[in-house]
Amino acid sequence: MKRGGALALASALTLGVLTLTLAFIPSAFAAEGGASWRFAPAAAPPPPPGAQASPYGVALGNVGDIRFWAPNRGVLITAGTRLVPAGLYSYDGVSWHQLATVCGGTDGRIAWASPEEFWTISDQRPGQDTSIAANYSDVSLCHFKDGQVVGSYALPLNQPDSYLPMDAAACRTPNDCWFGGELGQPPNSGAFHLHWDGSNVTVVYSPEGHAITSMALASQGLLLESMQLAPGDFYGSEDPNHPPVLEQLAPPGSGAVFHPFPIRDPSCDPSVSICFALPSYGTDEDGHPVEPDTLGGLQLSSDFSPAAPGPAQTWALAGPNDTPLSSSSRGRAHPLALRFDGASWSQVLGGADPGGDDPFNPGEVPGRLAAEPGAPAAWVTIQSNDSLAHVDRLTAAGTLSETDVLGTAQGVGKRGNAGPVACPGPHDCWLASDQGWLFHLSDGAQLPQDSDPAFQQIITYRPFDGGTPQIPPDDPPADDSLANQAPPVPPPATPTVQVSPASGPLVEHVRSRVVKHGMLVLTFTLTAPARVRLLARRKGRVVASTRTTKMRAGKGRVIKLRLNPRRWPTKLDLRATPEHPASAPSSGSASTGSDTSTPNPTNNTAPGKNSVST
């Protein structure tokens with residue numbers, strides 16, 4: 001059924017329907033295999049302590065990506081709303097719930113590396129650059145593992161070596177992950193990439209002069225990326241009329257990384273005609289040859305899964321963009337699709353005849369897609385501006401076996417235009433609108449609930465990175481995960497209390513230890529109320545300090561200071577000033593460990609104050 005009939009029927013069905021019943025209302029239409037699209041919003045974030053949880057689902061804001069390791073283990077990344085923090089949600093086979101309040105992205109991407117490990121292209125934390133031109137969107141990485149963010153990677157903005165916005169992510173193995181994005185600016189050239197080799201994230205620029213649009217693991221070891229052609233691109237030895245639009249990223253240790261991936265047309269006989277690499281751009285309605293850079297970047301999707309390796313299909317789909325034609329003798333692109341069946345590539349849409357093989361309604365432009373496991377088909381979202389989610393099922397024969405308009409058809413009204421879509425299993429797909437409402441294609445099969453603890457707790461801590469100067473909190477993060485990818489923290493030196501010689505010490509029994517993430521914790525005894533401050537110095541310069549804090553007399557006084565392993569202090573000054581100098585101990589000395597050094601004459605410690613030096 002085409003969209004006009006679907007909309008009319010949906011409008012008739014919604015008359016008199018109570019719109020308060022929002023969750024899991026079946027669609028009016030059955031898809032392949034008896035599946036249908038249902039409205040299935042995510043759960044609201046947990047309420048404050050003592051408050052009752054909301055029974056209603058919520059919109060998540062702009063969802064950049066949805067990725068699944070298994071049908072009952074998925075993750076999405078969102079830019080958030082006033083109610084939902086920018087971060088991540090996870091799916092456990094029953095519902096979507098909040099996973100992280102950090103590492104969200106304006107248009108983020110996700111790449112699975114192992115069952116409990118994945119990466120995100122995320123927004124950089126603000127604060128480093130406050131200019132209007134500062135762009136924090138999609139220029140940093142977060143590494144999630146075992147229920148924590150174990151690594152954050154960013155650099156300062158607007159510098160020659162700054163990270164550029166990224167649109168594509170994929171992992172071949174846990175120690176081989178790639179991220180691609182915009183073209184580099186002089187003195188850099190080629191497309192910007194980041195590569196994780198298991199130990200470090202490094203910047204790599206590809207030799208081709210085209211930005212990166214999408215990535216997909218087509219089979220075990222075969223990692224592909226698509227390129228966006230644009231006016232002003234550098235073509236070098238490439239034929240600008242038939243440039244390669246895909247390239248392969250070679251496995252580590254195999255020499256050159258980037259290899260153009262020409263797709264040969266298996267139906268072309270070179271003895272009869274000139275055989276160009278696919279895609280064939282064809283001509284427009286007036287017979288003008290199509291200008292390749294009027295085609296949007298190919299979106300890639302594969303149903304290959306490391307969790308269940310087997311025969312896989314890979315799709316590449318794009319529609320026209322708004323690039324101006326270079327001349328009146330050139331034509332504008334029309335929707336184009338390629339498919340790899342595991343053995344060879346074929347062109348499903350596009351080619352010589354611009355009208356006969358375009359199944360979409362006039363003016364419709366395909367957006368994102370998801371290969372459907374177990375079927376030679378893919379679900380395609382359609383760009384629209386009517387606040388309804390248009391989604392079609394495209395078959396390998398180049399036809400649409402189904403067209404749906406989600407929102408009113410589920411009795412919930414307009415819920416936003418179609419965004420990303422993912423299909424983790426047969427007759428099992430998820431779609432997010434640009435408002436963050438979720439729709440589920442399901443045949444009603446119940447999945448076992450995933451109870452892995454790595455996806456049950458809300459992650460609130462993101463490690464420090466090089467992108468933004470950080471002011472550490474007073475309290476250490478409440479986690480015991482792997483430490484951040486920073487140099488090992490050296491053990492603390494044994495502190496010694498030094499005071500001017502007199503009768504009674506103000507500070508006694510000082511002990512120090514370093515906990516996770518470079519947090520120094522000092523415990524001590526105060527013999528009288530005092531104002532206390534801790535300073536860390538390196539070669540005479542203060543590299544970290546606490547605020548001056550009033551403390552009561554007693555045992556177990558605690559002061560905490562986060563230290564940077566790259567600027568580890570050579571001296572600590574614990575300054576304690578009596579609140580009531582007349583009644584406080586005037587002087588004295590005490591030490592911990594075996595260090596009994598005499599007072600440092602260069603310390604300039606005033607009478608009535610104590611200083612801990614290392």
# chains A, B, ... in the order shown; residues from 1 in each chain; ligands from 1
$ residues_around --residues "segment 114-116 of chain A" --least-positions-apart "2" --cutoff "6 Å" --atoms "only C-alpha atoms" --output "ChimeraX atom specification"
/A:112,145-146
$ write_last_selection --atoms "N, CA, C and O atoms" --output "PDB file, in the first residue's frame"
ATOM      1  N   TRP A 112      30.644  -1.654  17.967  1.00  0.00           N
ATOM      2  CA  TRP A 112      30.850  -2.747  18.915  1.00  0.00           C
ATOM      3  C   TRP A 112      32.214  -3.388  18.662  1.00  0.00           C
ATOM      4  O   TRP A 112      32.605  -3.625  17.521  1.00  0.00           O
ATOM      5  N   LYS A 145      33.828  -0.265  28.383  1.00  0.00           N
ATOM      6  CA  LYS A 145      34.219  -1.657  28.595  1.00  0.00           C
ATOM      7  C   LYS A 145      33.810  -2.086  30.002  1.00  0.00           C
ATOM      8  O   LYS A 145      34.077  -1.374  30.977  1.00  0.00           O
ATOM      9  N   ASP A 146      33.146  -3.231  30.089  1.00  0.00           N
ATOM     10  CA  ASP A 146      32.769  -3.819  31.375  1.00  0.00           C
ATOM     11  C   ASP A 146      31.985  -2.836  32.250  1.00  0.00           C
ATOM     12  O   ASP A 146      32.183  -2.755  33.460  1.00  0.00           O
TER      13      ASP A 146
END
$ residues_around --residues "Val204 of chain A" --least-positions-apart "6" --cutoff "7 Å" --atoms "only C-alpha atoms" --output "ChimeraX atom specification"
/A:192-194
$ closest_residue --among "A:Arg368, A:Arg38, A:His509, A:Arg415" --to "Phe439 of chain A" --atoms "only C-alpha atoms"
A:Arg38
$ residues_around --residues "segment 380-392 of chain A" --least-positions-apart "4" --cutoff "10 Å" --atoms "only C-alpha atoms" --output "PyMOL selection string"
chain A and resi 3+317+319+360+363-371+399-409+413-422+431-435+437+439
$ write_last_selection --atoms "N, CA and C atoms" --output "short mmCIF file (atom, residue, chain, number, x, y, z; two decimals), in the first residue's frame"
data_model
loop_
_atom_site.label_atom_id
_atom_site.label_comp_id
_atom_site.auth_asym_id
_atom_site.auth_seq_id
_atom_site.Cartn_x
_atom_site.Cartn_y
_atom_site.Cartn_z
N ARG A 3 1.77 5.41 0.39
CA ARG A 3 1.62 6.23 1.58
C ARG A 3 0.29 6.96 1.65
N LEU A 317 23.55 2.54 0.00
CA LEU A 317 22.40 3.27 -0.53
C LEU A 317 22.63 4.77 -0.37
N GLY A 319 20.89 8.84 -1.88
CA GLY A 319 19.98 9.62 -2.72
C GLY A 319 20.65 10.89 -3.17
N PHE A 360 10.79 4.70 -5.34
CA PHE A 360 10.32 5.67 -4.35
C PHE A 360 9.37 6.68 -4.99
N GLY A 363 10.21 12.79 -5.52
CA GLY A 363 10.73 13.71 -4.52
C GLY A 363 11.24 13.06 -3.26
N GLU A 364 11.01 11.74 -3.09
CA GLU A 364 11.49 11.08 -1.88
C GLU A 364 12.98 10.81 -1.97
N VAL A 365 13.69 11.06 -0.87
CA VAL A 365 15.13 10.84 -0.80
C VAL A 365 15.42 9.85 0.32
N PRO A 366 16.04 8.71 0.00
CA PRO A 366 16.36 7.76 1.06
C PRO A 366 17.41 8.31 2.00
N GLY A 367 17.32 7.91 3.28
CA GLY A 367 18.27 8.36 4.29
C GLY A 367 19.14 7.24 4.80
N ARG A 368 18.80 6.68 5.97
CA ARG A 368 19.57 5.60 6.59
C ARG A 368 18.95 4.27 6.20
N LEU A 369 19.72 3.17 6.41
CA LEU A 369 19.19 1.85 6.07
C LEU A 369 19.75 0.82 7.01
N ALA A 370 19.11 -0.35 7.03
CA ALA A 370 19.55 -1.48 7.84
C ALA A 370 19.27 -2.76 7.08
N ALA A 371 20.33 -3.55 6.83
CA ALA A 371 20.16 -4.86 6.21
C ALA A 371 19.33 -5.74 7.12
N THR A 399 12.58 -3.60 -5.69
CA THR A 399 11.19 -3.22 -5.47
C THR A 399 10.95 -2.97 -3.98
N LEU A 400 9.85 -2.26 -3.71
CA LEU A 400 9.46 -2.03 -2.32
C LEU A 400 8.36 -3.01 -1.96
N SER A 401 8.67 -3.92 -1.04
CA SER A 401 7.65 -4.90 -0.64
C SER A 401 6.73 -4.32 0.42
N GLU A 402 7.10 -3.18 1.01
CA GLU A 402 6.26 -2.56 2.03
C GLU A 402 6.65 -1.11 2.19
N THR A 403 5.66 -0.25 2.42
CA THR A 403 5.91 1.15 2.79
C THR A 403 5.06 1.46 4.01
N ASP A 404 5.67 2.09 5.00
CA ASP A 404 4.96 2.41 6.24
C ASP A 404 5.19 3.86 6.61
N VAL A 405 4.21 4.44 7.28
CA VAL A 405 4.32 5.78 7.85
C VAL A 405 3.99 5.64 9.33
N LEU A 406 4.99 5.83 10.18
CA LEU A 406 4.85 5.52 11.60
C LEU A 406 4.47 6.76 12.39
N GLY A 407 3.59 6.58 13.32
CA GLY A 407 3.11 7.66 14.17
C GLY A 407 1.60 7.60 14.26
N THR A 408 0.93 8.16 13.27
CA THR A 408 -0.54 8.11 13.28
C THR A 408 -1.02 6.67 13.08
N ALA A 409 -0.28 5.86 12.33
CA ALA A 409 -0.70 4.47 12.12
C ALA A 409 -0.69 3.67 13.40
N GLY A 413 -0.13 9.74 17.00
CA GLY A 413 0.07 11.05 16.39
C GLY A 413 1.47 11.23 15.83
N LYS A 414 1.79 12.45 15.49
CA LYS A 414 3.09 12.74 14.89
C LYS A 414 4.19 12.68 15.93
N ARG A 415 5.19 11.86 15.67
CA ARG A 415 6.28 11.65 16.63
C ARG A 415 7.65 11.93 16.02
N GLY A 416 7.70 12.64 14.90
CA GLY A 416 8.97 13.03 14.33
C GLY A 416 9.32 12.26 13.07
N ASN A 417 10.25 12.82 12.30
CA ASN A 417 10.70 12.20 11.05
C ASN A 417 11.65 11.04 11.34
N ALA A 418 11.81 10.16 10.36
CA ALA A 418 12.61 8.96 10.56
C ALA A 418 14.09 9.30 10.70
N GLY A 419 14.74 8.64 11.64
CA GLY A 419 16.18 8.77 11.86
C GLY A 419 16.87 7.45 11.61
N PRO A 420 17.78 7.04 12.49
CA PRO A 420 18.51 5.78 12.27
C PRO A 420 17.61 4.57 12.45
N VAL A 421 17.99 3.47 11.80
CA VAL A 421 17.26 2.22 11.88
C VAL A 421 18.27 1.08 12.00
N ALA A 422 17.92 0.05 12.75
CA ALA A 422 18.80 -1.11 12.94
C ALA A 422 17.95 -2.36 13.02
N LEU A 431 13.62 1.64 15.02
CA LEU A 431 13.74 2.92 14.33
C LEU A 431 13.54 4.03 15.35
N ALA A 432 14.38 5.07 15.26
CA ALA A 432 14.24 6.24 16.12
C ALA A 432 13.87 7.44 15.27
N SER A 433 12.91 8.22 15.74
CA SER A 433 12.56 9.46 15.05
C SER A 433 13.55 10.54 15.46
N ASP A 434 13.52 11.67 14.75
CA ASP A 434 14.44 12.74 15.08
C ASP A 434 14.07 13.45 16.38
N GLN A 435 12.94 13.09 16.97
CA GLN A 435 12.60 13.57 18.31
C GLN A 435 13.05 12.59 19.39
N TRP A 437 11.70 9.35 19.63
CA TRP A 437 10.69 8.32 19.91
C TRP A 437 11.08 7.05 19.17
N PHE A 439 10.33 3.12 17.58
CA PHE A 439 9.36 2.21 17.00
C PHE A 439 10.04 0.85 16.80
#
$ closest_atom_pairs --of "segment 161-273 of chain A" --to "segment 307-310 of chain A" --cutoff "12 Å" --atoms "only C-alpha atoms" --output "JSON lines"
{"residue": "A:Thr173", "atom": "CA", "partner": "A:Ala307", "partner_atom": "CA", "distance": 11.9}
{"residue": "A:Leu217", "atom": "CA", "partner": "A:Pro309", "partner_atom": "CA", "distance": 11.4}
{"residue": "A:Ala218", "atom": "CA", "partner": "A:Pro309", "partner_atom": "CA", "distance": 10.8}
{"residue": "A:Ser219", "atom": "CA", "partner": "A:Pro309", "partner_atom": "CA", "distance": 8.1}
{"residue": "A:Gln220", "atom": "CA", "partner": "A:Pro309", "partner_atom": "CA", "distance": 7.7}
{"residue": "A:Gly221", "atom": "CA", "partner": "A:Pro309", "partner_atom": "CA", "distance": 11.4}
$ residues_around --residues "Pro186 of chain A" --least-positions-apart "5" --cutoff "12 Å" --atoms "only C-alpha atoms" --output "NGL selection string"
:A and (159-161 or 191-192 or 205)
$ write_last_selection --atoms "all heavy atoms" --output "tab-separated table (two decimals), in the first residue's frame"
chain	number	residue	atom	x	y	z
A	159	GLN	N	42.98	23.88	16.48
A	159	GLN	CA	44.42	23.77	16.38
A	159	GLN	C	44.76	22.94	15.14
A	159	GLN	O	43.93	22.18	14.64
A	159	GLN	CB	45.01	23.11	17.64
A	159	GLN	CG	44.67	23.83	18.93
A	159	GLN	CD	45.22	25.23	18.98
A	159	GLN	OE1	46.37	25.46	18.62
A	159	GLN	NE2	44.41	26.18	19.44
A	160	PRO	N	46.00	23.03	14.62
A	160	PRO	CA	46.34	22.25	13.41
A	160	PRO	C	46.16	20.75	13.60
A	160	PRO	O	45.85	20.04	12.64
A	160	PRO	CB	47.82	22.61	13.18
A	160	PRO	CG	47.98	23.96	13.79
A	160	PRO	CD	47.09	23.97	14.99
A	161	ASP	N	46.33	20.25	14.83
A	161	ASP	CA	46.20	18.82	15.05
A	161	ASP	C	44.88	18.44	15.72
A	161	ASP	O	44.73	17.32	16.23
A	161	ASP	CB	47.36	18.31	15.90
A	161	ASP	CG	47.44	19.01	17.27
A	161	ASP	OD1	46.72	20.00	17.46
A	161	ASP	OD2	48.22	18.55	18.12
A	191	ALA	N	41.21	12.27	4.05
A	191	ALA	CA	40.13	12.16	5.04
A	191	ALA	C	40.71	11.85	6.41
A	191	ALA	O	41.59	11.01	6.58
A	191	ALA	CB	39.15	11.07	4.62
A	192	PHE	N	40.16	12.53	7.42
A	192	PHE	CA	40.60	12.36	8.80
A	192	PHE	C	40.12	11.02	9.34
A	192	PHE	O	38.96	10.65	9.20
A	192	PHE	CB	40.04	13.50	9.66
A	192	PHE	CG	40.31	13.36	11.13
A	192	PHE	CD1	41.54	13.71	11.66
A	192	PHE	CD2	39.33	12.87	11.98
A	192	PHE	CE1	41.80	13.57	13.02
A	192	PHE	CE2	39.56	12.74	13.34
A	192	PHE	CZ	40.80	13.09	13.86
A	205	TYR	N	45.48	10.01	8.11
A	205	TYR	CA	44.80	10.62	6.98
A	205	TYR	C	44.90	9.70	5.77
A	205	TYR	O	45.99	9.23	5.43
A	205	TYR	CB	45.41	11.99	6.65
A	205	TYR	CG	45.00	13.08	7.61
A	205	TYR	CD1	45.75	13.32	8.75
A	205	TYR	CD2	43.86	13.84	7.39
A	205	TYR	CE1	45.37	14.32	9.65
A	205	TYR	CE2	43.48	14.83	8.27
A	205	TYR	CZ	44.24	15.07	9.40
A	205	TYR	OH	43.85	16.05	10.29
$ residues_around --residues "Ile559 of chain A" --least-positions-apart "4" --cutoff "7 Å" --atoms "only C-alpha atoms" --output "list in words"
Val521, Leu522 and Thr523 of chain A
$ write_last_selection --atoms "N, CA, C and O atoms" --output "PDB file, in the first residue's frame"
ATOM      1  N   VAL A 521      44.625  10.972  48.921  1.00  0.00           N
ATOM      2  CA  VAL A 521      43.794  11.087  50.118  1.00  0.00           C
ATOM      3  C   VAL A 521      44.717  11.170  51.328  1.00  0.00           C
ATOM      4  O   VAL A 521      45.534  10.264  51.559  1.00  0.00           O
ATOM      5  N   LEU A 522      44.624  12.256  52.077  1.00  0.00           N
ATOM      6  CA  LEU A 522      45.373  12.438  53.308  1.00  0.00           C
ATOM      7  C   LEU A 522      44.426  12.342  54.498  1.00  0.00           C
ATOM      8  O   LEU A 522      43.355  12.975  54.501  1.00  0.00           O
ATOM      9  N   THR A 523      44.788  11.535  55.509  1.00  0.00           N
ATOM     10  CA  THR A 523      44.051  11.487  56.766  1.00  0.00           C
ATOM     11  C   THR A 523      44.988  11.922  57.888  1.00  0.00           C
ATOM     12  O   THR A 523      46.193  11.635  57.853  1.00  0.00           O
TER      13      THR A 523
END
$ closest_residue --among "A:Gly151, A:Gly93, A:Gly50, A:Gly467" --to "His440 of chain A" --atoms "only C-alpha atoms"
A:Gly93
$ select_by_dssp --residues "segment 67-200 of chain A" --states "strand (DSSP E or B)" --output "ChimeraX atom specification"
/A:67-70,73-78,87-91,96-100,109-114,117-122,140-145,148-153,166-173,176-183,191-196
$ atom_distance --atom1 "atom CA of Val84 of chain A" --atom2 "atom CA of Leu60 of chain A"
6.2 Å
$ atom_distance --atom1 "atom CA of Pro376 of chain A" --atom2 "atom CA of Ser305 of chain A"
16.0 Å
$ residues_around --residues "Arg557 of chain A" --least-positions-apart "3" --cutoff "8 Å" --atoms "only C-alpha atoms" --output "ChimeraX atom specification"
/A:523-526,551,554
$ atom_distance --atom1 "atom CA of Val245 of chain A" --atom2 "atom CA of His259 of chain A"
11.2 Å
$ closest_residue --among "A:Trp178, A:Phe304, A:Trp315, A:Phe464" --to "Gln124 of chain A" --atoms "only C-alpha atoms"
A:Phe464
$ closest_residue --among "A:Val514, A:Gly209, A:Asp322, A:Gly398" --to "Val348 of chain A" --atoms "only C-alpha atoms"
A:Gly398
$ closest_atom_pairs --of "segment 83-141 of chain A" --to "segment 41-47 of chain A" --cutoff "12 Å" --atoms "only C-alpha atoms" --output "Markdown table"
| residue | atom | partner | partner_atom | distance |
| --- | --- | --- | --- | --- |
| A:Leu83 | CA | A:Pro45 | CA | 7.9 |
| A:Val84 | CA | A:Pro45 | CA | 6.6 |
| A:Pro85 | CA | A:Pro45 | CA | 8.7 |
| A:Ala86 | CA | A:Pro45 | CA | 11.5 |
| A:Gly87 | CA | A:Pro45 | CA | 11.3 |
| A:Leu88 | CA | A:Pro45 | CA | 11.0 |
| A:Tyr89 | CA | A:Ala42 | CA | 8.3 |
| A:Ser90 | CA | A:Ala42 | CA | 9.4 |
| A:Tyr91 | CA | A:Ala42 | CA | 9.0 |
| A:Asp92 | CA | A:Ala42 | CA | 11.6 |
| A:Val94 | CA | A:Ala42 | CA | 10.4 |
| A:Ser95 | CA | A:Ala42 | CA | 6.7 |
| A:Trp96 | CA | A:Ala42 | CA | 4.8 |
| A:His97 | CA | A:Ala43 | CA | 5.5 |
| A:Gln98 | CA | A:Pro45 | CA | 6.0 |
| A:Leu99 | CA | A:Pro45 | CA | 9.4 |
| A:Ala100 | CA | A:Pro45 | CA | 10.2 |
| A:Thr101 | CA | A:Pro45 | CA | 9.7 |
$ write_last_selection --atoms "all heavy atoms" --output "tab-separated table (two decimals), in the first residue's frame"
chain	number	residue	atom	x	y	z
A	83	LEU	N	15.01	16.76	29.77
A	83	LEU	CA	14.71	15.69	30.72
A	83	LEU	C	15.75	14.58	30.68
A	83	LEU	O	16.14	14.03	31.71
A	83	LEU	CB	13.32	15.11	30.45
A	83	LEU	CG	12.91	13.88	31.28
A	83	LEU	CD1	12.80	14.26	32.75
A	83	LEU	CD2	11.59	13.30	30.76
A	84	VAL	N	16.23	14.27	29.48
A	84	VAL	CA	17.16	13.15	29.29
A	84	VAL	C	18.56	13.71	29.04
A	84	VAL	O	18.77	14.43	28.06
A	84	VAL	CB	16.72	12.27	28.10
A	84	VAL	CG1	17.71	11.14	27.87
A	84	VAL	CG2	15.32	11.72	28.34
A	85	PRO	N	19.53	13.39	29.87
A	85	PRO	CA	20.90	13.88	29.63
A	85	PRO	C	21.47	13.30	28.35
A	85	PRO	O	21.14	12.17	27.95
A	85	PRO	CB	21.69	13.39	30.85
A	85	PRO	CG	20.66	13.04	31.88
A	85	PRO	CD	19.44	12.62	31.12
A	86	ALA	N	22.32	14.06	27.69
A	86	ALA	CA	23.04	13.53	26.53
A	86	ALA	C	23.87	12.33	26.99
A	86	ALA	O	24.63	12.43	27.95
A	86	ALA	CB	23.94	14.60	25.93
A	87	GLY	N	23.70	11.21	26.33
A	87	GLY	CA	24.38	10.00	26.77
A	87	GLY	C	23.93	8.80	25.98
A	87	GLY	O	23.71	8.89	24.77
A	88	LEU	N	23.76	7.66	26.67
A	88	LEU	CA	23.42	6.41	26.00
A	88	LEU	C	22.27	5.72	26.71
A	88	LEU	O	22.09	5.85	27.93
A	88	LEU	CB	24.62	5.47	25.94
A	88	LEU	CG	25.70	5.83	24.92
A	88	LEU	CD1	26.68	6.85	25.49
A	88	LEU	CD2	26.46	4.59	24.47
A	89	TYR	N	21.51	4.96	25.92
A	89	TYR	CA	20.49	4.04	26.42
A	89	TYR	C	20.85	2.64	25.94
A	89	TYR	O	21.48	2.47	24.88
A	89	TYR	CB	19.11	4.43	25.89
A	89	TYR	CG	18.28	5.26	26.85
A	89	TYR	CD1	18.69	6.52	27.25
A	89	TYR	CD2	17.09	4.77	27.37
A	89	TYR	CE1	17.93	7.28	28.14
A	89	TYR	CE2	16.32	5.52	28.25
A	89	TYR	CZ	16.75	6.77	28.63
A	89	TYR	OH	16.00	7.50	29.51
A	90	SER	N	20.45	1.62	26.70
A	90	SER	CA	20.71	0.24	26.29
A	90	SER	C	19.40	-0.55	26.31
A	90	SER	O	18.46	-0.24	27.05
A	90	SER	CB	21.74	-0.43	27.20
A	90	SER	OG	21.23	-0.60	28.51
A	91	TYR	N	19.37	-1.60	25.48
A	91	TYR	CA	18.20	-2.47	25.34
A	91	TYR	C	18.56	-3.86	25.85
A	91	TYR	O	19.62	-4.39	25.50
A	91	TYR	CB	17.76	-2.54	23.88
A	91	TYR	CG	16.54	-3.40	23.63
A	91	TYR	CD1	15.29	-3.01	24.11
A	91	TYR	CD2	16.64	-4.59	22.92
A	91	TYR	CE1	14.16	-3.79	23.88
A	91	TYR	CE2	15.52	-5.38	22.68
A	91	TYR	CZ	14.27	-4.98	23.16
A	91	TYR	OH	13.16	-5.76	22.94
A	92	ASP	N	17.69	-4.45	26.66
A	92	ASP	CA	17.97	-5.74	27.27
A	92	ASP	C	17.03	-6.85	26.80
A	92	ASP	O	16.95	-7.90	27.43
A	92	ASP	CB	17.91	-5.64	28.79
A	92	ASP	CG	16.54	-5.17	29.30
A	92	ASP	OD1	15.60	-5.07	28.48
A	92	ASP	OD2	16.43	-4.91	30.52
A	94	VAL	N	13.81	-6.47	26.67
A	94	VAL	CA	12.49	-6.13	27.21
A	94	VAL	C	12.21	-4.64	27.06
A	94	VAL	O	11.12	-4.25	26.64
A	94	VAL	CB	12.38	-6.55	28.69
A	94	VAL	CG1	11.04	-6.11	29.28
A	94	VAL	CG2	12.56	-8.05	28.83
A	95	SER	N	13.19	-3.79	27.39
A	95	SER	CA	12.97	-2.35	27.33
A	95	SER	C	14.29	-1.62	27.16
A	95	SER	O	15.38	-2.18	27.37
A	95	SER	CB	12.28	-1.87	28.61
A	95	SER	OG	13.14	-2.06	29.74
A	96	TRP	N	14.17	-0.35	26.77
A	96	TRP	CA	15.31	0.55	26.69
A	96	TRP	C	15.39	1.33	27.99
A	96	TRP	O	14.40	1.90	28.43
A	96	TRP	CB	15.16	1.52	25.52
A	96	TRP	CG	15.31	0.90	24.17
A	96	TRP	CD1	14.32	0.36	23.40
A	96	TRP	CD2	16.53	0.76	23.43
A	96	TRP	NE1	14.84	-0.11	22.22
A	96	TRP	CE2	16.20	0.12	22.21
A	96	TRP	CE3	17.86	1.12	23.67
A	96	TRP	CZ2	17.16	-0.16	21.25
A	96	TRP	CZ3	18.82	0.83	22.71
A	96	TRP	CH2	18.47	0.20	21.51
A	97	HIS	N	16.58	1.37	28.60
A	97	HIS	CA	16.78	2.10	29.84
A	97	HIS	C	18.09	2.87	29.78
A	97	HIS	O	18.98	2.57	28.99
A	97	HIS	CB	16.79	1.14	31.04
A	97	HIS	CG	17.84	0.08	30.95
A	97	HIS	ND1	17.62	-1.14	30.34
A	97	HIS	CD2	19.13	0.05	31.36
A	97	HIS	CE1	18.72	-1.87	30.39
A	97	HIS	NE2	19.66	-1.18	31.00
A	98	GLN	N	18.21	3.88	30.62
A	98	GLN	CA	19.39	4.74	30.63
A	98	GLN	C	20.64	3.95	30.99
A	98	GLN	O	20.66	3.20	31.96
A	98	GLN	CB	19.18	5.89	31.61
A	98	GLN	CG	20.19	7.00	31.49
A	98	GLN	CD	19.84	8.19	32.37
A	98	GLN	OE1	19.50	8.03	33.54
A	98	GLN	NE2	19.89	9.38	31.80
A	99	LEU	N	21.70	4.14	30.19
A	99	LEU	CA	22.97	3.46	30.42
A	99	LEU	C	24.06	4.44	30.84
A	99	LEU	O	24.90	4.10	31.68
A	99	LEU	CB	23.42	2.72	29.15
A	99	LEU	CG	24.78	2.03	29.22
A	99	LEU	CD1	24.76	0.91	30.26
A	99	LEU	CD2	25.19	1.48	27.86
A	100	ALA	N	24.10	5.64	30.27
A	100	ALA	CA	25.16	6.59	30.59
A	100	ALA	C	24.65	8.01	30.47
A	100	ALA	O	23.89	8.32	29.55
A	100	ALA	CB	26.37	6.40	29.67
A	101	THR	N	25.07	8.86	31.40
A	101	THR	CA	24.75	10.29	31.34
A	101	THR	C	25.94	11.08	30.81
A	101	THR	O	25.96	12.31	30.93
A	101	THR	CB	24.37	10.80	32.74
A	101	THR	OG1	25.47	10.57	33.64
A	101	THR	CG2	23.14	10.09	33.26
$ closest_residue --among "A:Asp197, A:Asp239, A:Asp167, A:Glu247" --to "Leu222 of chain A" --atoms "only C-alpha atoms"
A:Glu247
$ residues_around --residues "Ala530 of chain A" --least-positions-apart "6" --cutoff "9 Å" --atoms "only C-alpha atoms" --output "PyMOL selection string"
chain A and resi 506+549-553+576-580+584
$ closest_residue --among "A:Gly296, A:Pro165, A:Gly342, A:Gly198" --to "Gly108 of chain A" --atoms "only C-alpha atoms"
A:Pro165
